[in-house]
$ cat coords-v5.cif   # mmCIF, N, CA and C atoms
data_query
#
loop_
_atom_site.label_atom_id
_atom_site.label_comp_id
_atom_site.auth_asym_id
_atom_site.auth_seq_id
_atom_site.Cartn_x
_atom_site.Cartn_y
_atom_site.Cartn_z
N MET Y 130 -164.36 -106.57 -36.99
CA MET Y 130 -163.67 -107.79 -36.63
C MET Y 130 -164.65 -108.95 -36.76
N ASP Y 131 -164.25 -109.96 -37.45
CA ASP Y 131 -165.08 -111.14 -37.61
C ASP Y 131 -164.50 -112.23 -36.73
N PHE Y 132 -165.25 -112.63 -35.73
CA PHE Y 132 -164.76 -113.64 -34.80
C PHE Y 132 -165.17 -115.05 -35.20
N ILE Y 133 -165.37 -115.28 -36.47
CA ILE Y 133 -165.65 -116.55 -37.12
C ILE Y 133 -167.03 -117.11 -36.78
N ALA Y 134 -167.81 -116.41 -36.04
CA ALA Y 134 -169.21 -116.76 -35.76
C ALA Y 134 -169.44 -118.24 -35.52
N GLY Y 135 -170.29 -118.86 -36.31
CA GLY Y 135 -170.65 -120.27 -36.10
C GLY Y 135 -169.49 -121.22 -36.22
N TYR Y 136 -168.53 -120.89 -37.08
CA TYR Y 136 -167.39 -121.78 -37.25
C TYR Y 136 -166.58 -121.87 -35.96
N GLY Y 137 -166.46 -120.76 -35.25
CA GLY Y 137 -165.73 -120.77 -33.99
C GLY Y 137 -166.42 -121.65 -32.95
N ALA Y 138 -167.75 -121.63 -32.96
CA ALA Y 138 -168.49 -122.43 -31.99
C ALA Y 138 -168.38 -123.92 -32.29
N THR Y 139 -168.40 -124.26 -33.57
CA THR Y 139 -168.34 -125.68 -33.90
C THR Y 139 -166.94 -126.26 -33.69
N SER Y 140 -165.92 -125.41 -33.68
CA SER Y 140 -164.56 -125.92 -33.49
C SER Y 140 -164.27 -126.25 -32.03
N GLN Y 141 -165.21 -125.98 -31.14
CA GLN Y 141 -164.99 -126.24 -29.72
C GLN Y 141 -165.32 -127.69 -29.33
N GLY Y 142 -165.88 -128.43 -30.23
CA GLY Y 142 -166.22 -129.82 -29.92
C GLY Y 142 -167.69 -129.97 -29.57
N HIS Y 143 -168.22 -131.14 -29.78
CA HIS Y 143 -169.63 -131.40 -29.56
C HIS Y 143 -169.89 -131.61 -28.07
N CYS Y 144 -170.69 -130.72 -27.48
CA CYS Y 144 -171.11 -130.80 -26.06
C CYS Y 144 -169.93 -130.91 -25.11
N HIS Y 145 -168.89 -130.13 -25.34
CA HIS Y 145 -167.76 -130.12 -24.41
C HIS Y 145 -168.28 -129.68 -23.04
N PRO Y 146 -167.94 -130.39 -21.97
CA PRO Y 146 -168.50 -130.11 -20.65
C PRO Y 146 -168.31 -128.66 -20.18
N LYS Y 147 -167.14 -128.06 -20.41
CA LYS Y 147 -166.91 -126.68 -19.97
C LYS Y 147 -167.80 -125.70 -20.73
N ILE Y 148 -167.94 -125.93 -22.04
CA ILE Y 148 -168.76 -125.04 -22.85
C ILE Y 148 -170.23 -125.23 -22.52
N LEU Y 149 -170.65 -126.46 -22.31
CA LEU Y 149 -172.03 -126.75 -21.95
C LEU Y 149 -172.39 -126.09 -20.61
N LYS Y 150 -171.47 -126.17 -19.64
CA LYS Y 150 -171.69 -125.54 -18.33
C LYS Y 150 -171.84 -124.03 -18.48
N ALA Y 151 -170.95 -123.40 -19.26
CA ALA Y 151 -171.03 -121.96 -19.48
C ALA Y 151 -172.32 -121.58 -20.20
N LEU Y 152 -172.74 -122.40 -21.14
CA LEU Y 152 -173.97 -122.15 -21.88
C LEU Y 152 -175.19 -122.17 -20.95
N VAL Y 153 -175.24 -123.17 -20.09
CA VAL Y 153 -176.37 -123.28 -19.15
C VAL Y 153 -176.36 -122.11 -18.17
N GLU Y 154 -175.18 -121.75 -17.67
CA GLU Y 154 -175.09 -120.62 -16.74
C GLU Y 154 -175.57 -119.33 -17.41
N GLN Y 155 -175.16 -119.11 -18.65
CA GLN Y 155 -175.58 -117.91 -19.37
C GLN Y 155 -177.08 -117.93 -19.65
N ALA Y 156 -177.60 -119.09 -20.04
CA ALA Y 156 -179.03 -119.19 -20.34
C ALA Y 156 -179.89 -118.90 -19.12
N CYS Y 157 -179.36 -119.15 -17.95
CA CYS Y 157 -180.09 -118.83 -16.71
C CYS Y 157 -180.15 -117.33 -16.46
N LYS Y 158 -179.20 -116.58 -17.04
CA LYS Y 158 -179.18 -115.12 -16.87
C LYS Y 158 -180.03 -114.46 -17.96
N VAL Y 159 -179.64 -114.69 -19.20
CA VAL Y 159 -180.36 -114.16 -20.35
C VAL Y 159 -180.00 -115.06 -21.54
N THR Y 160 -181.02 -115.54 -22.22
CA THR Y 160 -180.78 -116.47 -23.31
C THR Y 160 -180.30 -115.75 -24.56
N LEU Y 161 -180.96 -114.66 -24.89
CA LEU Y 161 -180.63 -113.94 -26.12
C LEU Y 161 -180.89 -112.48 -25.87
N THR Y 162 -180.02 -111.65 -26.37
CA THR Y 162 -180.22 -110.21 -26.22
C THR Y 162 -179.92 -109.54 -27.55
N SER Y 163 -180.17 -108.29 -27.60
CA SER Y 163 -179.95 -107.50 -28.81
C SER Y 163 -179.20 -106.24 -28.41
N ARG Y 164 -178.47 -105.69 -29.38
CA ARG Y 164 -177.80 -104.42 -29.08
C ARG Y 164 -178.82 -103.30 -28.88
N ALA Y 165 -180.07 -103.55 -29.25
CA ALA Y 165 -181.12 -102.55 -29.07
C ALA Y 165 -181.59 -102.48 -27.62
N MET Y 166 -181.20 -103.48 -26.81
CA MET Y 166 -181.59 -103.49 -25.41
C MET Y 166 -180.34 -103.42 -24.53
N LEU Y 167 -180.37 -102.54 -23.57
CA LEU Y 167 -179.24 -102.40 -22.67
C LEU Y 167 -179.12 -103.64 -21.80
N ASN Y 168 -177.91 -104.11 -21.63
CA ASN Y 168 -177.67 -105.21 -20.70
C ASN Y 168 -176.35 -104.91 -19.98
N PRO Y 169 -176.09 -105.56 -18.88
CA PRO Y 169 -174.91 -105.22 -18.07
C PRO Y 169 -173.58 -105.47 -18.77
N GLU Y 170 -173.55 -106.30 -19.79
CA GLU Y 170 -172.30 -106.64 -20.44
C GLU Y 170 -171.97 -105.78 -21.65
N LEU Y 171 -172.96 -105.16 -22.27
CA LEU Y 171 -172.73 -104.41 -23.51
C LEU Y 171 -171.76 -103.26 -23.31
N GLY Y 172 -171.93 -102.50 -22.23
CA GLY Y 172 -171.02 -101.39 -21.96
C GLY Y 172 -169.59 -101.85 -21.73
N LYS Y 173 -169.44 -102.95 -21.00
CA LYS Y 173 -168.10 -103.51 -20.74
C LYS Y 173 -167.46 -103.95 -22.06
N PHE Y 174 -168.26 -104.60 -22.91
CA PHE Y 174 -167.76 -105.06 -24.21
C PHE Y 174 -167.35 -103.86 -25.07
N ALA Y 175 -168.19 -102.83 -25.10
CA ALA Y 175 -167.90 -101.64 -25.91
C ALA Y 175 -166.61 -100.97 -25.43
N GLU Y 176 -166.44 -100.87 -24.13
CA GLU Y 176 -165.22 -100.27 -23.58
C GLU Y 176 -163.99 -101.09 -23.94
N LEU Y 177 -164.09 -102.41 -23.84
CA LEU Y 177 -162.97 -103.28 -24.20
C LEU Y 177 -162.62 -103.11 -25.68
N MET Y 178 -163.63 -103.10 -26.54
CA MET Y 178 -163.37 -102.93 -27.97
C MET Y 178 -162.74 -101.57 -28.27
N HIS Y 179 -163.15 -100.53 -27.52
CA HIS Y 179 -162.54 -99.21 -27.68
C HIS Y 179 -161.07 -99.25 -27.29
N GLN Y 180 -160.77 -99.91 -26.17
CA GLN Y 180 -159.38 -100.00 -25.72
C GLN Y 180 -158.53 -100.79 -26.72
N VAL Y 181 -159.09 -101.84 -27.27
CA VAL Y 181 -158.35 -102.69 -28.20
C VAL Y 181 -158.15 -102.00 -29.55
N SER Y 182 -159.21 -101.36 -30.05
CA SER Y 182 -159.18 -100.82 -31.41
C SER Y 182 -158.87 -99.33 -31.50
N GLY Y 183 -159.19 -98.60 -30.42
CA GLY Y 183 -159.04 -97.15 -30.47
C GLY Y 183 -160.23 -96.43 -31.08
N TYR Y 184 -161.20 -97.18 -31.58
CA TYR Y 184 -162.38 -96.58 -32.18
C TYR Y 184 -163.40 -96.25 -31.10
N ASP Y 185 -164.22 -95.21 -31.36
CA ASP Y 185 -165.20 -94.81 -30.36
C ASP Y 185 -166.62 -95.25 -30.69
N LYS Y 186 -166.79 -96.03 -31.75
CA LYS Y 186 -168.11 -96.56 -32.11
C LYS Y 186 -167.97 -98.01 -32.53
N LEU Y 187 -169.02 -98.81 -32.29
CA LEU Y 187 -169.04 -100.18 -32.77
C LEU Y 187 -170.48 -100.61 -33.01
N ILE Y 188 -170.62 -101.59 -33.85
CA ILE Y 188 -171.93 -102.21 -34.09
C ILE Y 188 -171.74 -103.70 -33.90
N PRO Y 189 -172.14 -104.23 -32.74
CA PRO Y 189 -172.03 -105.68 -32.55
C PRO Y 189 -172.97 -106.41 -33.50
N CYS Y 190 -172.46 -107.43 -34.14
CA CYS Y 190 -173.26 -108.21 -35.09
C CYS Y 190 -173.16 -109.69 -34.75
N ASN Y 191 -174.13 -110.46 -35.20
CA ASN Y 191 -174.16 -111.89 -34.91
C ASN Y 191 -173.13 -112.68 -35.69
N GLY Y 192 -172.91 -112.32 -36.94
CA GLY Y 192 -172.01 -113.13 -37.75
C GLY Y 192 -171.46 -112.38 -38.93
N GLY Y 193 -170.71 -113.11 -39.74
CA GLY Y 193 -169.99 -112.53 -40.86
C GLY Y 193 -170.84 -111.79 -41.86
N VAL Y 194 -171.89 -112.42 -42.36
CA VAL Y 194 -172.67 -111.78 -43.42
C VAL Y 194 -173.37 -110.54 -42.89
N GLU Y 195 -173.85 -110.57 -41.67
CA GLU Y 195 -174.47 -109.38 -41.09
C GLU Y 195 -173.44 -108.26 -40.95
N SER Y 196 -172.24 -108.62 -40.57
CA SER Y 196 -171.18 -107.63 -40.40
C SER Y 196 -170.83 -106.97 -41.73
N VAL Y 197 -170.66 -107.75 -42.78
CA VAL Y 197 -170.27 -107.17 -44.07
C VAL Y 197 -171.43 -106.39 -44.68
N GLU Y 198 -172.65 -106.87 -44.53
CA GLU Y 198 -173.79 -106.11 -45.03
C GLU Y 198 -173.87 -104.76 -44.32
N THR Y 199 -173.60 -104.75 -43.01
CA THR Y 199 -173.58 -103.50 -42.26
C THR Y 199 -172.45 -102.60 -42.76
N ALA Y 200 -171.30 -103.17 -43.04
CA ALA Y 200 -170.18 -102.39 -43.58
C ALA Y 200 -170.55 -101.78 -44.94
N CYS Y 201 -171.28 -102.52 -45.76
CA CYS Y 201 -171.73 -101.99 -47.05
C CYS Y 201 -172.66 -100.79 -46.83
N LYS Y 202 -173.56 -100.91 -45.88
CA LYS Y 202 -174.46 -99.80 -45.59
C LYS Y 202 -173.69 -98.59 -45.09
N LEU Y 203 -172.74 -98.82 -44.20
CA LEU Y 203 -171.94 -97.70 -43.69
C LEU Y 203 -171.12 -97.05 -44.80
N ALA Y 204 -170.54 -97.86 -45.68
CA ALA Y 204 -169.74 -97.31 -46.78
C ALA Y 204 -170.60 -96.47 -47.71
N ARG Y 205 -171.79 -96.94 -48.02
CA ARG Y 205 -172.67 -96.17 -48.90
C ARG Y 205 -173.12 -94.88 -48.23
N ARG Y 206 -173.52 -94.97 -46.97
CA ARG Y 206 -173.95 -93.76 -46.26
C ARG Y 206 -172.82 -92.74 -46.23
N TRP Y 207 -171.60 -93.19 -45.92
CA TRP Y 207 -170.44 -92.31 -45.88
C TRP Y 207 -170.22 -91.68 -47.26
N GLY Y 208 -170.34 -92.48 -48.31
CA GLY Y 208 -170.16 -91.96 -49.66
C GLY Y 208 -171.16 -90.86 -49.99
N TYR Y 209 -172.41 -91.06 -49.61
CA TYR Y 209 -173.43 -90.06 -49.89
C TYR Y 209 -173.25 -88.81 -49.05
N ARG Y 210 -173.01 -89.01 -47.75
CA ARG Y 210 -172.95 -87.86 -46.84
C ARG Y 210 -171.60 -87.14 -46.87
N ALA Y 211 -170.51 -87.87 -46.90
CA ALA Y 211 -169.19 -87.24 -46.79
C ALA Y 211 -168.57 -86.94 -48.15
N LYS Y 212 -168.84 -87.76 -49.14
CA LYS Y 212 -168.19 -87.58 -50.44
C LYS Y 212 -169.11 -86.98 -51.51
N GLY Y 213 -170.38 -86.84 -51.19
CA GLY Y 213 -171.30 -86.21 -52.13
C GLY Y 213 -171.67 -87.05 -53.34
N ILE Y 214 -171.58 -88.36 -53.21
CA ILE Y 214 -171.98 -89.23 -54.31
C ILE Y 214 -173.49 -89.04 -54.54
N PRO Y 215 -173.92 -88.89 -55.79
CA PRO Y 215 -175.35 -88.72 -56.05
C PRO Y 215 -176.17 -89.90 -55.51
N HIS Y 216 -177.38 -89.59 -55.07
CA HIS Y 216 -178.27 -90.58 -54.48
C HIS Y 216 -178.42 -91.82 -55.36
N ASN Y 217 -178.31 -92.99 -54.76
CA ASN Y 217 -178.44 -94.30 -55.43
C ASN Y 217 -177.40 -94.54 -56.53
N GLN Y 218 -176.23 -93.91 -56.43
CA GLN Y 218 -175.19 -94.10 -57.44
C GLN Y 218 -173.91 -94.72 -56.87
N ALA Y 219 -173.88 -95.02 -55.58
CA ALA Y 219 -172.65 -95.55 -54.96
C ALA Y 219 -172.37 -96.97 -55.44
N ASN Y 220 -171.12 -97.23 -55.76
CA ASN Y 220 -170.65 -98.58 -56.10
C ASN Y 220 -169.64 -99.02 -55.05
N ILE Y 221 -169.65 -100.29 -54.76
CA ILE Y 221 -168.68 -100.88 -53.83
C ILE Y 221 -167.88 -101.91 -54.61
N LEU Y 222 -166.57 -101.84 -54.49
CA LEU Y 222 -165.69 -102.78 -55.19
C LEU Y 222 -165.39 -103.98 -54.30
N PHE Y 223 -165.46 -105.16 -54.90
CA PHE Y 223 -165.12 -106.40 -54.20
C PHE Y 223 -164.07 -107.14 -55.01
N PRO Y 224 -163.07 -107.71 -54.34
CA PRO Y 224 -162.06 -108.47 -55.08
C PRO Y 224 -162.61 -109.83 -55.52
N THR Y 225 -162.10 -110.33 -56.63
CA THR Y 225 -162.45 -111.69 -57.04
C THR Y 225 -161.93 -112.67 -55.99
N GLY Y 226 -162.56 -113.81 -55.90
CA GLY Y 226 -162.12 -114.83 -54.95
C GLY Y 226 -162.58 -114.59 -53.53
N ASN Y 227 -163.47 -113.62 -53.31
CA ASN Y 227 -163.91 -113.33 -51.94
C ASN Y 227 -165.04 -114.26 -51.54
N PHE Y 228 -165.25 -114.39 -50.25
CA PHE Y 228 -166.42 -115.09 -49.70
C PHE Y 228 -166.79 -114.42 -48.40
N TRP Y 229 -168.03 -114.01 -48.28
CA TRP Y 229 -168.50 -113.43 -47.03
C TRP Y 229 -169.93 -113.82 -46.70
N GLY Y 230 -170.43 -114.84 -47.35
CA GLY Y 230 -171.75 -115.32 -46.97
C GLY Y 230 -172.54 -115.84 -48.15
N ARG Y 231 -173.76 -116.28 -47.86
CA ARG Y 231 -174.59 -116.92 -48.87
C ARG Y 231 -175.91 -116.19 -49.11
N THR Y 232 -176.00 -114.93 -48.69
CA THR Y 232 -177.19 -114.16 -48.99
C THR Y 232 -177.16 -113.74 -50.45
N ILE Y 233 -178.27 -113.22 -50.95
CA ILE Y 233 -178.32 -112.73 -52.32
C ILE Y 233 -177.30 -111.61 -52.51
N THR Y 234 -177.21 -110.71 -51.54
CA THR Y 234 -176.24 -109.62 -51.65
C THR Y 234 -174.82 -110.15 -51.69
N ALA Y 235 -174.48 -111.06 -50.80
CA ALA Y 235 -173.13 -111.62 -50.78
C ALA Y 235 -172.83 -112.40 -52.06
N SER Y 236 -173.81 -113.15 -52.53
CA SER Y 236 -173.60 -113.92 -53.77
C SER Y 236 -173.35 -113.02 -54.96
N GLY Y 237 -174.00 -111.87 -54.98
CA GLY Y 237 -173.83 -110.93 -56.08
C GLY Y 237 -172.50 -110.20 -56.05
N ALA Y 238 -171.77 -110.34 -54.98
CA ALA Y 238 -170.49 -109.65 -54.84
C ALA Y 238 -169.32 -110.63 -54.93
N CYS Y 239 -169.55 -111.78 -55.55
CA CYS Y 239 -168.49 -112.77 -55.67
C CYS Y 239 -168.45 -113.31 -57.10
N ASP Y 240 -167.42 -114.09 -57.37
CA ASP Y 240 -167.30 -114.68 -58.70
C ASP Y 240 -167.27 -116.20 -58.66
N ASP Y 241 -167.65 -116.78 -57.55
CA ASP Y 241 -167.71 -118.24 -57.41
C ASP Y 241 -169.02 -118.71 -58.03
N GLU Y 242 -168.92 -119.46 -59.11
CA GLU Y 242 -170.12 -119.87 -59.85
C GLU Y 242 -171.12 -120.64 -59.00
N GLN Y 243 -170.64 -121.40 -58.01
CA GLN Y 243 -171.57 -122.15 -57.16
C GLN Y 243 -172.47 -121.22 -56.36
N ARG Y 244 -171.99 -120.04 -56.04
CA ARG Y 244 -172.80 -119.08 -55.28
C ARG Y 244 -173.43 -118.03 -56.19
N TYR Y 245 -172.94 -117.91 -57.41
CA TYR Y 245 -173.38 -116.84 -58.28
C TYR Y 245 -174.42 -117.30 -59.32
N LYS Y 246 -174.15 -118.44 -59.96
CA LYS Y 246 -174.99 -118.90 -61.07
C LYS Y 246 -176.40 -119.27 -60.60
N ASP Y 247 -177.38 -118.78 -61.32
CA ASP Y 247 -178.81 -119.08 -61.11
C ASP Y 247 -179.39 -118.48 -59.84
N PHE Y 248 -178.77 -117.43 -59.28
CA PHE Y 248 -179.31 -116.80 -58.08
C PHE Y 248 -179.68 -115.34 -58.28
N GLY Y 249 -179.41 -114.77 -59.45
CA GLY Y 249 -179.68 -113.35 -59.69
C GLY Y 249 -181.17 -113.08 -59.86
N PRO Y 250 -181.57 -111.85 -59.94
CA PRO Y 250 -180.74 -110.65 -59.93
C PRO Y 250 -180.22 -110.33 -58.53
N PHE Y 251 -179.10 -109.64 -58.52
CA PHE Y 251 -178.42 -109.33 -57.26
C PHE Y 251 -178.55 -107.86 -56.90
N THR Y 252 -178.06 -107.53 -55.74
CA THR Y 252 -178.04 -106.16 -55.28
C THR Y 252 -177.21 -105.31 -56.23
N ALA Y 253 -177.75 -104.19 -56.64
CA ALA Y 253 -177.05 -103.31 -57.57
C ALA Y 253 -175.92 -102.56 -56.86
N GLY Y 254 -174.96 -102.09 -57.66
CA GLY Y 254 -173.91 -101.24 -57.12
C GLY Y 254 -172.69 -101.97 -56.61
N PHE Y 255 -172.52 -103.22 -57.00
CA PHE Y 255 -171.32 -103.97 -56.62
C PHE Y 255 -170.53 -104.26 -57.89
N GLU Y 256 -169.23 -104.05 -57.82
CA GLU Y 256 -168.36 -104.35 -58.96
C GLU Y 256 -167.21 -105.20 -58.47
N LEU Y 257 -166.80 -106.14 -59.31
CA LEU Y 257 -165.66 -107.01 -58.99
C LEU Y 257 -164.42 -106.48 -59.68
N TYR Y 258 -163.30 -106.63 -59.02
CA TYR Y 258 -162.01 -106.34 -59.64
C TYR Y 258 -161.09 -107.51 -59.35
N LYS Y 259 -160.11 -107.71 -60.22
CA LYS Y 259 -159.19 -108.82 -60.05
C LYS Y 259 -158.28 -108.53 -58.86
N TYR Y 260 -158.31 -109.41 -57.89
CA TYR Y 260 -157.53 -109.24 -56.66
C TYR Y 260 -156.04 -109.14 -56.98
N ASN Y 261 -155.36 -108.21 -56.34
CA ASN Y 261 -153.90 -108.04 -56.41
C ASN Y 261 -153.42 -107.71 -57.82
N ASP Y 262 -154.25 -107.00 -58.60
CA ASP Y 262 -153.88 -106.61 -59.95
C ASP Y 262 -154.16 -105.12 -60.12
N VAL Y 263 -153.17 -104.30 -59.78
CA VAL Y 263 -153.34 -102.85 -59.85
C VAL Y 263 -153.66 -102.42 -61.27
#

$ encode --input "coords-v5.cif" --output "structure tokens"
Amino acid sequence: MDFIAGYGATSQGHCHPKILKALVEQACKVTLTSRAMLNPELGKFAELMHQVSGYDKLIPCNGGVESVETACKLARRWGYRAKGIPHNQANILFPTGNFWGRTITASGACDDEQRYKDFGPFTAGFELYKYNDV
């Protein structure tokens, strides 16, 4: 699930008093945490996501590009372990017209010339297909 990351935060308005108050209150508890460190809220969040989605595993991520890069890693690992794809031979298909970030990996999986031209070489194993064209 992509909760729009930075875009969601900017749509709340500049220094809105309620958001600023919540930010200060949270910063007094813990400013930044990682899923690698246990905190009192992570378990509650994981349980809520399980109830909402029905899935028994999750990987909390900071934003869109981190989420999709993690999904690529999971897809490749699954392909190697569950489907028997030979080592370093997995390909991931991406539809044309997609956007999921501005990293080298994300740029290599799109067909938008502004993000693609003059940024290669890209991550290997990505192929584009024309969206909605069986």

$ select_by_dssp --input "coords-v5.cif" --residues "chain Y" --states "helix (DSSP H, G or I)" --output "number ranges by chain"
Y: 134-139, 146-158, 171-182, 193-211, 233-236, 242-245

$ resolve_selection --input "coords-v5.cif" --expression "the PyMOL selection byres ((chain Y and resi 229) around 8)" --output "MDAnalysis selection string"
chainID Y and resid 193:195 197:198 226:228 230:232 234:236 238:239

$ write_last_selection --input "coords-v5.cif" --atoms "N, CA and C atoms" --output "JSON list (two decimals), in the frame of the given file"
[["chain", "number", "residue", "atom", "x", "y", "z"],
["Y", 193, "GLY", "N", -170.71, -113.11, -39.74],
["Y", 193, "GLY", "CA", -169.99, -112.53, -40.86],
["Y", 193, "GLY", "C", -170.84, -111.79, -41.86],
["Y", 194, "VAL", "N", -171.89, -112.42, -42.36],
["Y", 194, "VAL", "CA", -172.67, -111.78, -43.42],
["Y", 194, "VAL", "C", -173.37, -110.54, -42.89],
["Y", 195, "GLU", "N", -173.85, -110.57, -41.67],
["Y", 195, "GLU", "CA", -174.47, -109.38, -41.09],
["Y", 195, "GLU", "C", -173.44, -108.26, -40.95],
["Y", 197, "VAL", "N", -170.66, -107.75, -42.78],
["Y", 197, "VAL", "CA", -170.27, -107.17, -44.07],
["Y", 197, "VAL", "C", -171.43, -106.39, -44.68],
["Y", 198, "GLU", "N", -172.65, -106.87, -44.53],
["Y", 198, "GLU", "CA", -173.79, -106.11, -45.03],
["Y", 198, "GLU", "C", -173.87, -104.76, -44.32],
["Y", 226, "GLY", "N", -162.56, -113.81, -55.90],
["Y", 226, "GLY", "CA", -162.12, -114.83, -54.95],
["Y", 226, "GLY", "C", -162.58, -114.59, -53.53],
["Y", 227, "ASN", "N", -163.47, -113.62, -53.31],
["Y", 227, "ASN", "CA", -163.91, -113.33, -51.94],
["Y", 227, "ASN", "C", -165.04, -114.26, -51.54],
["Y", 228, "PHE", "N", -165.25, -114.39, -50.25],
["Y", 228, "PHE", "CA", -166.42, -115.09, -49.70],
["Y", 228, "PHE", "C", -166.79, -114.42, -48.40],
["Y", 230, "GLY", "N", -170.43, -114.84, -47.35],
["Y", 230, "GLY", "CA", -171.75, -115.32, -46.97],
["Y", 230, "GLY", "C", -172.54, -115.84, -48.15],
["Y", 231, "ARG", "N", -173.76, -116.28, -47.86],
["Y", 231, "ARG", "CA", -174.59, -116.92, -48.87],
["Y", 231, "ARG", "C", -175.91, -116.19, -49.11],
["Y", 232, "THR", "N", -176.00, -114.93, -48.69],
["Y", 232, "THR", "CA", -177.19, -114.16, -48.99],
["Y", 232, "THR", "C", -177.16, -113.74, -50.45],
["Y", 234, "THR", "N", -177.21, -110.71, -51.54],
["Y", 234, "THR", "CA", -176.24, -109.62, -51.65],
["Y", 234, "THR", "C", -174.82, -110.15, -51.69],
["Y", 235, "ALA", "N", -174.48, -111.06, -50.80],
["Y", 235, "ALA", "CA", -173.13, -111.62, -50.78],
["Y", 235, "ALA", "C", -172.83, -112.40, -52.06],
["Y", 236, "SER", "N", -173.81, -113.15, -52.53],
["Y", 236, "SER", "CA", -173.60, -113.92, -53.77],
["Y", 236, "SER", "C", -173.35, -113.02, -54.96],
["Y", 238, "ALA", "N", -171.77, -110.34, -54.98],
["Y", 238, "ALA", "CA", -170.49, -109.65, -54.84],
["Y", 238, "ALA", "C", -169.32, -110.63, -54.93],
["Y", 239, "CYS", "N", -169.55, -111.78, -55.55],
["Y", 239, "CYS", "CA", -168.49, -112.77, -55.67],
["Y", 239, "CYS", "C", -168.45, -113.31, -57.10]]

$ atom_distance --input "coords-v5.cif" --atom1 "CA of Asn261 in chain Y" --atom2 "CA of Arg205 in chain Y"
23.4 Å

$ atom_distance --input "coords-v5.cif" --atom1 "CA of Arg210 in chain Y" --atom2 "atom N of Tyr184 in chain Y"
21.4 Å

$ resolve_selection --input "coords-v5.cif" --expression "the PyMOL selection byres ((chain Y and resi 220) around 8)" --output "list in words"
Ala204, Arg205, Asn217, Gln218, Ala219, Ile221, Leu222, Phe223, Ala253, Gly254, Phe255 and Glu256 of chain Y

$ atom_distance --input "coords-v5.cif" --atom1 "atom N of Ile188 in chain Y" --atom2 "atom C of Lys150 in chain Y"
27.2 Å

$ axis_aligned_box --input "coords-v5.cif" --around "range 224-232 of chain Y" --padding-each-side "8 Å" --output "lines of an AutoDock Vina configuration file"
center_x = -169.6
center_y = -112.3
center_z = -51.9
size_x = 31.3
size_y = 25.2
size_z = 26.3

$ select_by_dssp --input "coords-v5.cif" --residues "chain Y" --states "strand (DSSP E)" --output "PyMOL selection string"
chain Y and resi 221-224+255-258

$ residues_around --input "coords-v5.cif" --residues "Ile233 in chain Y" --least-positions-apart "4" --cutoff "6 Å" --atoms "all atoms listed in the file" --output "list of chain:residue names"
Y:Gly237, Y:Phe251, Y:Thr252

$ closest_residue --input "coords-v5.cif" --among "Y:Leu257, Y:Cys144, Y:Val159, Y:Leu152" --to "Thr225 in chain Y" --atoms "all atoms listed in the file"
Y:Leu257
